[in-house]
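S.K.: What follows is my_file_4.cif, mmCIF, C-alpha atoms and all ligand atoms.
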```cif
data_start
loop_
_atom_site.label_atom_id
_atom_site.label_comp_id
_atom_site.auth_asym_id
_atom_site.auth_seq_id
_atom_site.Cartn_x
_atom_site.Cartn_y
_atom_site.Cartn_z
CA MET A 398 242.18 124.65 107.26
CA ASN A 399 239.99 126.96 105.16
CA ARG A 400 238.01 125.84 102.10
CA ARG A 401 240.65 127.02 99.60
CA GLU A 402 243.39 125.05 101.40
CA LEU A 403 241.13 122.00 101.52
CA LEU A 404 240.52 122.18 97.74
CA GLN A 405 244.21 122.68 97.02
CA GLY A 406 244.99 119.62 99.12
CA ALA A 407 242.40 117.57 97.26
CA VAL A 408 244.04 118.10 93.83
CA VAL A 409 247.56 117.06 94.87
CA SER A 410 248.24 113.94 92.80
CA LEU A 411 249.36 111.04 94.97
CA PRO A 412 251.09 107.94 93.62
CA LEU A 413 248.63 105.07 93.12
CA ILE A 414 250.83 102.61 94.99
CA SER A 415 254.00 102.89 97.07
CA VAL A 416 257.40 102.66 95.39
CA ALA A 417 258.19 99.46 97.32
CA THR A 418 254.93 97.82 96.14
CA ALA A 419 255.56 98.96 92.55
CA GLN A 420 259.06 97.45 92.65
CA GLU A 421 257.72 94.18 93.99
CA ILE A 422 254.99 93.96 91.30
CA ALA A 423 257.46 94.82 88.53
CA ARG A 424 259.94 92.22 89.78
CA LYS A 425 257.27 89.50 89.78
CA SER A 426 255.65 90.39 86.42
CA THR A 427 258.46 91.48 84.10
CA GLY A 428 261.65 91.00 86.09
CA LEU A 429 262.40 94.62 85.22
CA PRO A 430 262.74 97.61 87.54
CA PRO A 431 259.80 100.04 87.77
CA LEU A 432 259.73 102.74 85.13
CA THR A 433 258.80 106.40 85.43
CA ILE A 434 258.32 109.20 82.92
CA LYS A 435 261.32 111.49 83.32
CA ASP A 436 260.62 114.07 80.65
CA VAL A 437 258.24 114.95 77.86
CA LYS A 438 259.25 116.82 74.69
CA VAL A 439 256.97 118.42 72.11
CA ILE A 440 258.61 118.33 68.68
CA THR A 441 257.19 120.25 65.71
CA THR A 442 258.40 120.25 62.11
CA ASN A 443 257.29 121.12 58.60
CA GLY A 444 258.67 117.73 57.47
CA GLY A 445 260.90 119.54 54.95
CA SER A 446 257.75 120.60 53.14
CA HIS A 447 254.35 122.20 53.89
CA TYR A 448 253.36 120.04 56.87
CA ARG A 449 252.43 121.21 60.39
CA TRP A 450 253.41 118.11 62.32
CA ILE A 451 253.43 117.75 66.11
CA PHE A 452 255.09 114.83 67.90
CA LEU A 453 255.43 113.91 71.54
CA LYS A 454 258.53 112.21 72.87
CA ILE A 455 258.10 110.53 76.25
CA ILE A 456 261.46 109.88 77.92
CA THR A 457 261.62 107.26 80.66
CA SER A 458 263.85 106.62 83.67
CA GLU A 459 265.54 103.76 81.77
CA PRO A 460 268.53 105.20 79.86
CA GLY A 461 267.81 105.39 76.12
CA LEU A 462 264.19 104.22 76.45
CA TYR A 463 261.63 106.62 74.95
CA GLY A 464 258.50 106.57 72.82
CA ILE A 465 257.15 108.80 70.06
CA GLY A 466 253.54 109.64 69.24
CA SER A 467 251.70 111.85 66.75
CA ALA A 468 249.36 114.71 67.75
CA ASN A 469 248.71 115.69 64.14
CA ASN A 470 246.31 118.62 63.74
CA ASN A 471 246.85 120.78 60.68
CA TYR A 472 244.14 123.29 61.53
CA GLU A 473 244.61 124.04 65.23
CA THR A 474 248.29 123.18 65.46
CA MET A 475 249.35 125.67 68.13
CA ALA A 476 246.36 124.85 70.35
CA VAL A 477 247.57 121.23 70.41
CA VAL A 478 251.17 122.32 71.09
CA ALA A 479 249.99 124.39 74.09
CA ALA A 480 247.75 121.56 75.33
CA LEU A 481 250.73 119.17 75.27
CA GLU A 482 253.30 121.59 76.66
CA ASP A 483 251.30 123.42 79.32
CA HIS A 484 248.68 120.85 80.34
CA LEU A 485 249.75 117.26 79.59
CA LYS A 486 253.48 117.52 80.30
CA PRO A 487 253.33 118.74 83.95
CA TRP A 488 250.67 116.10 84.68
CA LEU A 489 252.48 113.22 82.97
CA ILE A 490 256.02 113.58 84.35
CA GLY A 491 256.67 111.12 87.19
CA LYS A 492 253.94 108.67 86.20
CA ASP A 493 254.39 104.98 85.35
CA PRO A 494 254.42 104.60 81.52
CA SER A 495 253.55 100.90 81.66
CA ARG A 496 249.95 101.64 82.76
CA ILE A 497 248.65 102.64 79.34
CA GLU A 498 244.96 102.00 79.95
CA ASP A 499 244.98 103.82 83.27
CA LEU A 500 246.93 106.77 81.85
CA TRP A 501 244.61 106.97 78.84
CA GLN A 502 241.48 107.02 81.03
CA SER A 503 242.89 109.49 83.52
CA ALA A 504 244.30 111.76 80.79
CA GLN A 505 240.85 111.72 79.17
CA MET A 506 239.09 112.73 82.43
CA ARG A 507 241.85 115.24 83.26
CA THR A 508 240.27 117.86 80.98
CA TYR A 509 236.76 117.31 82.47
CA TRP A 510 235.19 118.18 79.08
CA ARG A 511 236.21 115.36 76.80
CA ASN A 512 236.14 113.87 73.29
CA GLY A 513 237.04 117.19 71.67
CA PRO A 514 239.51 117.18 68.78
CA VAL A 515 242.41 118.90 70.60
CA ASN A 516 242.47 116.57 73.60
CA ASN A 517 242.01 113.60 71.26
CA ASN A 518 245.25 114.65 69.53
CA VAL A 519 246.94 114.98 72.94
CA LEU A 520 245.70 111.53 74.01
CA SER A 521 246.81 110.02 70.70
CA ALA A 522 250.35 111.32 71.01
CA MET A 523 250.65 110.10 74.60
CA ASP A 524 249.09 106.74 73.81
CA MET A 525 251.24 105.98 70.75
CA ALA A 526 254.40 106.96 72.66
CA LEU A 527 253.41 104.67 75.57
CA TRP A 528 252.81 101.71 73.22
CA ASP A 529 256.18 102.47 71.59
CA ILE A 530 257.85 102.32 75.02
CA LYS A 531 256.05 99.11 75.99
CA GLY A 532 257.04 97.42 72.75
CA LYS A 533 260.66 98.48 73.01
CA ARG A 534 260.82 97.22 76.58
CA ALA A 535 259.25 93.89 75.59
CA ASN A 536 261.52 93.74 72.51
CA MET A 537 258.42 93.26 70.34
CA PRO A 538 256.67 95.26 67.61
CA VAL A 539 253.41 96.76 68.90
CA TYR A 540 251.34 94.45 66.65
CA GLU A 541 252.73 91.46 68.59
CA MET A 542 251.27 92.90 71.78
CA LEU A 543 247.93 93.45 70.02
CA GLY A 544 247.66 89.73 69.24
CA GLY A 545 250.20 89.24 66.46
CA LYS A 546 249.81 89.41 62.70
CA ALA A 547 246.35 88.52 61.38
CA ARG A 548 247.61 88.96 57.77
CA ASP A 549 250.90 89.11 55.90
CA GLY A 550 250.66 92.64 54.56
CA VAL A 551 248.43 95.70 54.76
CA PRO A 552 246.81 96.55 51.40
CA VAL A 553 246.55 100.29 50.78
CA TYR A 554 244.48 102.26 48.31
CA ASP A 555 246.06 104.75 45.95
CA HIS A 556 244.83 108.30 45.23
CA GLN A 557 244.22 109.25 41.64
CA GLY A 558 242.13 111.60 39.54
CA GLY A 559 242.09 114.05 36.68
CA LYS A 560 240.15 116.93 35.21
CA THR A 561 238.47 114.69 32.61
CA LYS A 562 237.29 111.08 32.63
CA GLU A 563 240.08 110.23 30.14
CA GLU A 564 242.70 111.65 32.54
CA CYS A 565 241.08 109.66 35.36
CA LEU A 566 241.41 106.47 33.28
CA ASP A 567 245.11 107.18 32.57
CA THR A 568 245.89 107.68 36.25
CA LEU A 569 243.88 104.58 37.23
CA GLN A 570 245.92 102.51 34.79
CA LYS A 571 249.15 103.97 36.22
CA SER A 572 248.14 102.90 39.73
CA LEU A 573 247.21 99.41 38.56
CA ALA A 574 250.60 99.14 36.79
CA ASN A 575 252.29 100.14 40.08
CA GLY A 576 250.66 97.21 41.84
CA PHE A 577 247.66 98.87 43.53
CA SER A 578 244.41 96.89 43.42
CA HIS A 579 242.36 99.64 45.13
CA VAL A 580 242.26 103.15 43.67
CA ARG A 581 240.36 106.23 44.78
CA ILE A 582 239.36 108.42 41.84
CA GLN A 583 238.32 112.09 42.02
CA LEU A 584 237.19 114.24 39.11
CA GLY A 585 239.62 116.99 40.11
CA GLY A 586 239.65 117.77 43.84
CA TYR A 587 236.94 117.18 46.45
CA GLY A 588 233.57 118.10 44.97
CA GLY A 589 235.11 117.98 41.46
CA GLY A 590 232.40 117.56 38.81
CA GLY A 591 230.06 119.76 40.88
CA PHE A 592 231.74 123.12 40.35
CA THR A 593 230.72 126.19 38.35
CA ALA A 594 233.85 128.10 37.26
CA GLN A 595 234.98 131.30 38.97
CA GLY A 596 232.74 134.28 38.12
CA GLU A 597 230.36 132.20 35.99
CA GLY A 598 226.64 131.62 36.60
CA ASN A 599 224.07 133.87 38.18
CA ARG A 600 225.66 135.33 41.34
CA PRO A 601 224.20 137.63 44.00
CA GLU A 602 225.17 141.27 43.44
CA GLY A 603 228.55 141.95 45.05
CA GLY A 604 228.64 138.35 46.27
CA TYR A 605 231.01 135.39 46.19
CA GLN A 606 232.83 134.96 42.86
CA GLY A 607 234.97 131.83 43.46
CA VAL A 608 234.29 128.31 42.13
CA ALA A 609 230.82 127.32 43.29
CA PHE A 610 229.66 123.85 44.32
CA ASP A 611 226.27 122.50 43.27
CA GLU A 612 224.99 119.22 44.71
CA GLN A 613 222.80 118.25 41.75
CA GLN A 614 225.57 118.96 39.24
CA TYR A 615 227.88 116.71 41.29
CA VAL A 616 225.33 113.89 41.60
CA ASP A 617 224.89 114.04 37.81
CA ALA A 618 228.66 114.09 37.06
CA ILE A 619 230.11 111.28 39.22
CA PRO A 620 228.18 108.15 38.11
CA PRO A 621 229.06 108.65 34.38
CA LEU A 622 232.77 108.93 35.36
CA PHE A 623 232.68 105.50 37.01
CA GLU A 624 230.55 104.02 34.20
CA PHE A 625 233.29 105.15 31.78
CA LEU A 626 236.06 103.65 33.99
CA ARG A 627 234.17 100.34 34.27
CA ALA A 628 233.61 100.27 30.47
CA LYS A 629 237.33 100.82 29.80
CA ALA A 630 239.04 99.05 32.74
CA GLY A 631 236.43 96.41 33.60
CA PHE A 632 235.14 95.38 37.01
CA GLY A 633 238.48 94.00 38.29
CA PRO A 634 239.93 97.17 39.91
CA LYS A 635 238.50 98.09 43.31
CA LEU A 636 237.26 101.67 42.85
CA LEU A 637 236.72 104.23 45.60
CA HIS A 638 235.47 107.82 45.69
CA ASP A 639 235.48 110.51 48.39
CA VAL A 640 232.49 112.87 48.57
CA HIS A 641 234.10 114.77 51.49
CA SER A 642 230.73 115.42 53.19
CA HIS A 643 229.61 117.72 50.34
CA LEU A 644 226.06 116.32 50.00
CA SER A 645 222.88 116.77 51.99
CA GLY A 646 220.34 114.02 52.80
CA MET A 647 218.48 112.87 49.68
CA ASN A 648 221.24 113.91 47.28
CA ALA A 649 223.56 111.57 49.16
CA VAL A 650 220.97 108.77 48.95
CA GLU A 651 220.51 109.44 45.23
CA LEU A 652 224.26 109.36 44.47
CA ALA A 653 224.66 106.05 46.35
CA ARG A 654 221.72 104.62 44.37
CA ARG A 655 223.11 105.77 41.01
CA LEU A 656 226.54 104.30 41.81
CA GLN A 657 225.18 100.83 42.56
CA PRO A 658 225.64 99.46 38.98
CA VAL A 659 229.38 100.36 38.93
CA GLN A 660 230.00 98.30 42.10
CA MET A 661 232.22 100.64 44.11
CA PHE A 662 234.58 99.21 46.73
CA PHE A 663 233.35 102.10 48.83
CA VAL A 664 232.06 105.66 48.70
CA GLU A 665 233.58 107.80 51.41
CA ASP A 666 231.87 110.41 53.62
CA ILE A 667 228.85 110.86 51.39
CA LEU A 668 227.26 112.79 54.29
CA PRO A 669 228.60 115.20 56.90
CA PRO A 670 228.77 113.93 60.52
CA GLU A 671 225.80 116.14 61.42
CA GLN A 672 223.55 114.10 59.07
CA ILE A 673 224.57 110.50 59.74
CA ALA A 674 220.92 109.44 60.30
CA TYR A 675 220.54 109.39 56.48
CA TYR A 676 222.78 106.30 56.27
CA ARG A 677 219.66 104.32 57.18
CA ASN A 678 217.92 105.68 54.05
CA ILE A 679 220.93 104.72 51.92
CA ARG A 680 220.88 101.19 53.35
CA GLU A 681 217.18 100.83 52.54
CA ILE A 682 217.64 101.70 48.87
CA CYS A 683 220.97 100.25 47.67
CA THR A 684 224.07 98.20 48.45
CA THR A 685 226.77 100.79 47.60
CA PRO A 686 229.29 100.32 50.46
CA GLN A 687 229.76 103.31 52.75
CA ALA A 688 233.05 104.37 54.39
CA VAL A 689 232.55 106.94 57.10
CA GLY A 690 234.23 108.86 59.87
CA GLU A 691 237.27 110.84 58.76
CA VAL A 692 236.20 113.85 60.84
CA PHE A 693 234.63 111.95 63.72
CA SER A 694 236.05 112.69 67.13
CA HIS A 695 233.40 111.37 69.56
CA PRO A 696 232.64 107.65 70.05
CA PHE A 697 228.90 108.45 69.93
CA GLU A 698 229.28 109.32 66.24
CA VAL A 699 230.62 105.84 65.50
CA VAL A 700 228.72 103.47 67.79
CA PRO A 701 225.15 103.73 66.36
CA LEU A 702 226.42 103.41 62.76
CA VAL A 703 228.39 100.28 63.62
CA GLN A 704 225.89 98.55 65.89
CA ASP A 705 223.02 99.12 63.42
CA ARG A 706 225.26 97.95 60.54
CA LEU A 707 224.52 101.14 58.60
CA ILE A 708 228.06 101.49 57.24
CA ASP A 709 230.67 99.12 55.84
CA PHE A 710 233.98 100.79 56.74
CA ILE A 711 234.96 103.02 59.65
CA ARG A 712 237.72 105.40 58.70
CA CYS A 713 238.67 107.47 61.73
CA ARG A 714 242.15 108.90 61.98
CA VAL A 715 244.12 107.26 64.79
CA ALA A 716 245.83 110.56 65.78
CA ALA A 717 242.42 112.32 65.91
CA THR A 718 240.55 109.78 68.00
CA GLY A 719 242.87 109.11 70.94
CA GLY A 720 245.49 106.69 69.65
CA ILE A 721 245.97 102.92 69.50
CA THR A 722 244.10 102.14 72.75
CA PRO A 723 240.63 103.41 71.68
CA ILE A 724 241.14 102.44 68.02
CA LYS A 725 241.87 98.83 69.00
CA LYS A 726 238.61 98.81 71.00
CA LEU A 727 236.80 100.24 67.98
CA THR A 728 238.16 97.50 65.69
CA THR A 729 236.85 94.90 68.15
CA LEU A 730 233.41 96.54 68.10
CA CYS A 731 233.55 96.57 64.27
CA GLU A 732 234.54 92.90 64.15
CA ILE A 733 231.49 91.92 66.21
CA TYR A 734 229.12 93.77 63.86
CA GLY A 735 230.86 92.85 60.59
CA VAL A 736 232.05 96.39 59.82
CA ARG A 737 235.58 96.79 58.46
CA THR A 738 238.28 99.42 59.07
CA ALA A 739 239.82 101.87 56.59
CA PHE A 740 241.83 104.22 58.78
CA GLN A 741 242.42 107.68 57.38
CA GLU A 742 245.81 108.82 56.10
CA GLY A 743 246.83 110.95 53.13
CA GLY A 744 247.08 114.72 52.87
CA GLU A 745 248.73 116.39 55.82
CA ASN A 746 249.16 113.19 57.86
CA ASP A 747 252.51 111.94 59.19
CA PRO A 748 254.60 108.72 59.36
CA ILE A 749 253.94 108.08 63.06
CA ASN A 750 250.16 108.16 62.60
CA GLN A 751 250.58 105.97 59.52
CA ILE A 752 252.55 103.34 61.42
CA ALA A 753 250.16 103.43 64.39
CA SER A 754 247.38 102.56 61.91
CA TYR A 755 249.58 99.81 60.47
CA HIS A 756 250.05 98.05 63.82
CA VAL A 757 246.27 97.95 64.36
CA ASP A 758 245.59 97.01 60.70
CA ILE A 759 247.92 94.05 60.65
CA SER A 760 246.69 92.60 63.94
CA SER A 761 242.93 93.06 63.45
CA SER A 762 240.36 90.72 61.91
CA ALA A 763 238.12 93.72 61.17
CA PHE A 764 240.70 95.27 58.84
CA GLY A 765 239.41 96.27 55.41
CA ILE A 766 241.87 98.61 53.69
CA GLN A 767 244.37 101.33 54.67
CA GLU A 768 244.62 104.75 53.01
CA GLU A 769 248.09 105.34 51.58
CA ASN A 770 250.38 108.32 52.05
CA HIS A 771 253.46 109.22 50.01
CA PHE A 772 256.18 111.35 51.59
CA PRO A 773 259.12 113.26 50.08
CA PRO A 774 262.62 111.69 50.54
CA ILE A 775 263.56 114.03 53.42
CA VAL A 776 260.70 112.56 55.50
CA HIS A 777 262.20 109.08 55.07
CA GLU A 778 265.49 110.51 56.37
CA MET A 779 263.72 112.24 59.28
CA PHE A 780 261.87 109.06 60.34
CA PRO A 781 264.23 106.06 60.17
CA GLY A 782 262.24 102.81 60.07
CA MET A 783 259.03 104.45 58.78
CA GLY A 784 256.47 102.47 56.81
CA GLU A 785 257.12 101.71 53.16
CA ILE A 786 254.60 101.10 50.40
CA ARG A 787 255.55 98.51 47.79
CA LYS A 788 253.16 97.25 45.10
CA GLY A 789 250.02 98.27 46.94
CA TYR A 790 251.04 97.06 50.41
CA LEU A 791 252.25 98.95 53.46
CA TYR A 792 255.11 97.37 55.43
CA GLY A 793 256.46 98.29 58.86
CA SER A 794 260.07 97.87 59.96
CA ASP A 795 259.24 94.94 62.34
CA LYS A 796 261.50 96.60 64.91
CA PRO A 797 260.39 96.74 68.58
CA GLY A 798 257.73 99.30 69.51
CA LEU A 799 256.25 101.29 66.65
CA GLY A 800 259.52 100.64 64.81
CA VAL A 801 260.04 104.28 63.75
CA ASP A 802 262.47 106.82 65.17
CA LEU A 803 262.53 110.61 64.79
CA ASN A 804 265.71 112.46 63.83
CA GLU A 805 265.23 115.49 66.08
CA GLU A 806 268.16 117.40 64.58
CA LEU A 807 266.66 117.16 61.10
CA ALA A 808 263.20 118.04 62.47
CA ALA A 809 264.69 121.16 64.13
CA LYS A 810 266.30 122.21 60.84
CA ASN A 811 262.81 122.15 59.29
CA PRO A 812 260.66 124.20 61.69
CA LEU A 813 256.99 125.06 61.23
CA GLY A 814 256.42 127.88 58.76
CA PRO A 815 254.05 130.81 59.22
CA ILE A 816 250.48 129.58 59.72
CA LYS A 817 248.44 131.42 57.10
CA ASP A 818 244.82 132.30 58.00
CA GLY A 819 245.39 130.67 61.38
CA GLY A 820 245.55 127.30 59.63
CA ALA A 821 241.88 127.39 58.55
CA TYR A 822 240.60 124.55 56.36
CA PRO A 823 239.64 126.11 52.98
CA THR A 824 235.91 125.36 52.67
CA ASP A 825 234.00 125.41 49.38
CA ARG A 826 230.96 127.62 48.80
CA THR A 827 227.80 127.42 46.73
CA ILE A 828 226.89 130.04 44.07
CA ASP A 829 224.98 132.16 46.59
CA GLY A 830 227.98 132.14 48.94
CA THR A 831 226.86 129.46 51.43
CA VAL A 832 229.61 127.40 53.11
CA VAL A 833 229.76 123.73 52.02
CA LYS A 834 230.60 121.20 54.75
CA PRO A 835 234.02 119.59 54.25
MG MG B 1 238.41 111.60 52.98
#
```
Please express the file's structure as structure tokens.
Ligand code: MG
M.R.:
Amino acid sequence: MNRRELLQGAVVSLPLISVATAQEIARKSTGLPPLTIKDVKVITTNGGSHYRWIFLKIITSEPGLYGIGSANNNYETMAVVAALEDHLKPWLIGKDPSRIEDLWQSAQMRTYWRNGPVNNNVLSAMDMALWDIKGKRANMPVYEMLGGKARDGVPVYDHQGGKTKEECLDTLQKSLANGFSHVRIQLGGYGGGGFTAQGEGNRPEGGYQGVAFDEQQYVDAIPPLFEFLRAKAGFGPKLLHDVHSHLSGMNAVELARRLQPVQMFFVEDILPPEQIAYYRNIREICTTPQAVGEVFSHPFEVVPLVQDRLIDFIRCRVAATGGITPIKKLTTLCEIYGVRTAFQEGGENDPINQIASYHVDISSSAFGIQEENHFPPIVHEMFPGMGEIRKGYLYGSDKPGLGVDLNEELAAKNPLGPIKDGGAYPTDRTIDGTVVKP
């Protein structure tokens, strides 16, 4: 045998245990026959709208038993589709879907380089689908297998905002009237309050002419907005604000300090992930609660912030960090250190990711708040059993597994549209044309 043949032999994947042993173990533990993964389908859809959603359907050897997971990635959609179709699928078929932890670990090591966003999406889709299968087989919702309900409902925060502080007040009052206790308010979009209008101001010759972000302008604009809202609506409503990583070190510290008197429920992503060391400076100067981690993909970004108690809420996206398995471990870590969870939703996210968050939220003592997401009616038709928001709470269907199905026919009738600019996230720029971190 030459070296090439030896190497080829080494990568042949052998079953972990013999079929006879697997049957014996399954008979003793569940009374059910062993299960294998028969097929894997990658399903994409625009959700009847502008979305670029990717789902994975894992089909088992038991007739009618399958699971669905989300691999949501709006910005590198086709890279995730290829990673699922060409790399995960051939590896996954034939394996035992009941071994979630083992499959998660081995799927993580399978790519050798790990903790990157694309493989995190792949892991998430696989992991959610496997939990869906396990729950259906056990005839239990996933939250039952995570320890059962730790609360009766999952409070969600609403998204509001306006171009002026008066508009912001109107929308806040609308949310409160609709039953939300927690409301995120933006002065326009992300960075709103910090923009110089298109073409205005002193620009470099022949340079960038779009709206231009200025950190100091933003730090000056946001505290008066919340002072106005507190003066008009009182201190009862829980108020939130998302900085979307637009600030650098001391400007972030200064904004947190200036917001202290208005007693925010939390301020979100006041710093970009590259500058998380400044959370220690924020902690030293004020008590404004910090919610962090929407764009985190590596556990090393989270762990120091949690274990040093430098943040108050961790808000990773389940579909961007590897699925229910690692997120459940993260909530346990958070519980130990007194940090709460606020998993990311909203925007381009999907109903499967939303419900995966829900199952962790409702069964975790570290839960803090869940971001809401509203979907058009066609999405409710496409995902029977999907989560529903009523008077500020998110409810699942309580059906076995994740409790949500996917109408593949309707998904196929609403295919992905053309991906403009390769799906690039539209970053802001400063007046001299420098990119602002999102
Ligand atoms: Mg955010």
S.K.: Excluding A:Tyr792 and residues on its chain fewer than 6 positions from it, collect all residues at most 7 Å away from it, counting only C-alpha atoms, and give them as a PyMOL selection string.
M.R.: chain A and resi 550-551+784-786
S.K.: Around ligand MG 1 (chain B), which protein and nucleic acid residues have at least one atom no more than 8 Å from it, if we count all atoms listed in the file? List them as a PyMOL selection string.
M.R.: chain A and resi 639-641+665-666+691+741
S.K.: Which residues are near A:Leu626? Cut-off 12 Å, only C-alpha atoms, ignore same chain within fewer than 4 positions. Put them as a PyMOL selection string.
M.R.: chain A and resi 558+561-570+580-584+619-622+630-637+659-661
S.K.: With C-alpha atoms retained, write the just-selected residues as a short mmCIF file (atom, residue, chain, number, x, y, z; two decimals), in the frame of the given file.
M.R.:
```cif
data_model
loop_
_atom_site.label_atom_id
_atom_site.label_comp_id
_atom_site.auth_asym_id
_atom_site.auth_seq_id
_atom_site.Cartn_x
_atom_site.Cartn_y
_atom_site.Cartn_z
CA GLY A 558 242.13 111.60 39.54
CA THR A 561 238.47 114.69 32.61
CA LYS A 562 237.29 111.08 32.63
CA GLU A 563 240.08 110.23 30.14
CA GLU A 564 242.70 111.65 32.54
CA CYS A 565 241.08 109.66 35.36
CA LEU A 566 241.41 106.47 33.28
CA ASP A 567 245.11 107.18 32.57
CA THR A 568 245.89 107.68 36.25
CA LEU A 569 243.88 104.58 37.23
CA GLN A 570 245.92 102.51 34.79
CA VAL A 580 242.26 103.15 43.67
CA ARG A 581 240.36 106.23 44.78
CA ILE A 582 239.36 108.42 41.84
CA GLN A 583 238.32 112.09 42.02
CA LEU A 584 237.19 114.24 39.11
CA ILE A 619 230.11 111.28 39.22
CA PRO A 620 228.18 108.15 38.11
CA PRO A 621 229.06 108.65 34.38
CA LEU A 622 232.77 108.93 35.36
CA ALA A 630 239.04 99.05 32.74
CA GLY A 631 236.43 96.41 33.60
CA PHE A 632 235.14 95.38 37.01
CA GLY A 633 238.48 94.00 38.29
CA PRO A 634 239.93 97.17 39.91
CA LYS A 635 238.50 98.09 43.31
CA LEU A 636 237.26 101.67 42.85
CA LEU A 637 236.72 104.23 45.60
CA VAL A 659 229.38 100.36 38.93
CA GLN A 660 230.00 98.30 42.10
CA MET A 661 232.22 100.64 44.11
#
```
S.K.: Between A:Glu541, A:Glu597, A:Asp436, A:Asp524, single out the one closest to A:Val757, counting all atoms listed in the file.
M.R.: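 Smallest separation from A:Val757 among the options: A:Glu541.
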S.K.: Which of these residues is nearest to A:Gly820, using all atoms listed in the file: A:Asn471, A:Ser521, A:Ala419, A:Lys796?
M.R.: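 Answer, going by the shortest atom-to-atom distance: A:Asn471.
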S.K.: Which of these, A:Pro748, A:Met542, A:Arg787, A:Leu527, has the shortest distance to A:Phe772 once you count all atoms listed in the file?
M.R.: A:Pro748
S.K.: So that I can see what lies close to stretch 445-449 of chain A, please list as JSON, numbers by chain the residues with an atom at most 12 Å from it, counting only C-alpha atoms and leaving out residues fewer than 6 positions away in the same chain.
M.R.: {"A": [467, 468, 469, 470, 471, 472, 473, 474, 475, 477, 478, 743, 744, 745, 746, 747, 748, 772, 773, 774, 775, 776, 777, 778, 779, 780, 807, 808, 809, 810, 811, 812, 813, 814, 815, 816, 817, 819, 820]}
S.K.: Can you write out the residues you just picked, keeping C-alpha atoms, as a JSON list (two decimals), in the frame of the given file?
M.R.:
```json
[["chain", "number", "residue", "atom", "x", "y", "z"],
["A", 467, "SER", "CA", 251.70, 111.85, 66.75],
["A", 468, "ALA", "CA", 249.36, 114.71, 67.75],
["A", 469, "ASN", "CA", 248.71, 115.69, 64.14],
["A", 470, "ASN", "CA", 246.31, 118.62, 63.74],
["A", 471, "ASN", "CA", 246.85, 120.78, 60.68],
["A", 472, "TYR", "CA", 244.14, 123.29, 61.53],
["A", 473, "GLU", "CA", 244.61, 124.04, 65.23],
["A", 474, "THR", "CA", 248.29, 123.18, 65.46],
["A", 475, "MET", "CA", 249.35, 125.67, 68.13],
["A", 477, "VAL", "CA", 247.57, 121.23, 70.41],
["A", 478, "VAL", "CA", 251.17, 122.32, 71.09],
["A", 743, "GLY", "CA", 246.83, 110.95, 53.13],
["A", 744, "GLY", "CA", 247.08, 114.72, 52.87],
["A", 745, "GLU", "CA", 248.73, 116.39, 55.82],
["A", 746, "ASN", "CA", 249.16, 113.19, 57.86],
["A", 747, "ASP", "CA", 252.51, 111.94, 59.19],
["A", 748, "PRO", "CA", 254.60, 108.72, 59.36],
["A", 772, "PHE", "CA", 256.18, 111.35, 51.59],
["A", 773, "PRO", "CA", 259.12, 113.26, 50.08],
["A", 774, "PRO", "CA", 262.62, 111.69, 50.54],
["A", 775, "ILE", "CA", 263.56, 114.03, 53.42],
["A", 776, "VAL", "CA", 260.70, 112.56, 55.50],
["A", 777, "HIS", "CA", 262.20, 109.08, 55.07],
["A", 778, "GLU", "CA", 265.49, 110.51, 56.37],
["A", 779, "MET", "CA", 263.72, 112.24, 59.28],
["A", 780, "PHE", "CA", 261.87, 109.06, 60.34],
["A", 807, "LEU", "CA", 266.66, 117.16, 61.10],
["A", 808, "ALA", "CA", 263.20, 118.04, 62.47],
["A", 809, "ALA", "CA", 264.69, 121.16, 64.13],
["A", 810, "LYS", "CA", 266.30, 122.21, 60.84],
["A", 811, "ASN", "CA", 262.81, 122.15, 59.29],
["A", 812, "PRO", "CA", 260.66, 124.20, 61.69],
["A", 813, "LEU", "CA", 256.99, 125.06, 61.23],
["A", 814, "GLY", "CA", 256.42, 127.88, 58.76],
["A", 815, "PRO", "CA", 254.05, 130.81, 59.22],
["A", 816, "ILE", "CA", 250.48, 129.58, 59.72],
["A", 817, "LYS", "CA", 248.44, 131.42, 57.10],
["A", 819, "GLY", "CA", 245.39, 130.67, 61.38],
["A", 820, "GLY", "CA", 245.55, 127.30, 59.63]]
```
S.K.: Using only C-alpha atoms, what residues lie at most 9 Å away from (216.6, 114.2, 54.5) (file coordinates), given as a PyMOL selection string?
M.R.: chain A and resi 645-648+650+672+674-675+678
S.K.: Between atom CA of A:Ser415 and atom CA of A:Met537, what is the distance, to one decimal in Å?
M.R.: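 Atom-to-atom, atom CA of A:Ser415 and atom CA of A:Met537 are spaced 28.8 Å apart.
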S.K.: Rank nothing, just name the residue among A:Gln614, A:Ser426, A:Thr457, A:Thr442 nearest to A:Gly590, using only C-alpha atoms.
M.R.: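 Distance minimum relative to A:Gly590 lands on A:Gln614.
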S.K.: Let me know the centre plus edge lengths, in Å and rounded to one decimal, of a box with edges along x, y and z that contains all listed atoms of stretch 616-620 of chain A and is padded by 4 Å on every side, as AutoDock Vina command-line options.
M.R.:
```
--center_x 227.5 --center_y 111.1 --center_z 39.3 --size_x 13.2 --size_y 13.9 --size_z 12.5
```
S.K.: To one decimal place in Å, what is the distance between atom CA of A:Leu727 and atom CA of A:Gly466?
M.R.: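 Value for the atom CA of A:Leu727-atom CA of A:Gly466 distance: 19.2 Å.
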S.K.: When you look at A:Lys454 with a cut-off of 12 Å (counting all atoms listed in the file), what residues show up, excluding the ones that are within fewer than 6 positions of it in the same chain? I need them as a PyMOL selection string.
M.R.: chain A and resi 434-441+461-468+481-482+486+489-490+519+522-530+749+802-805
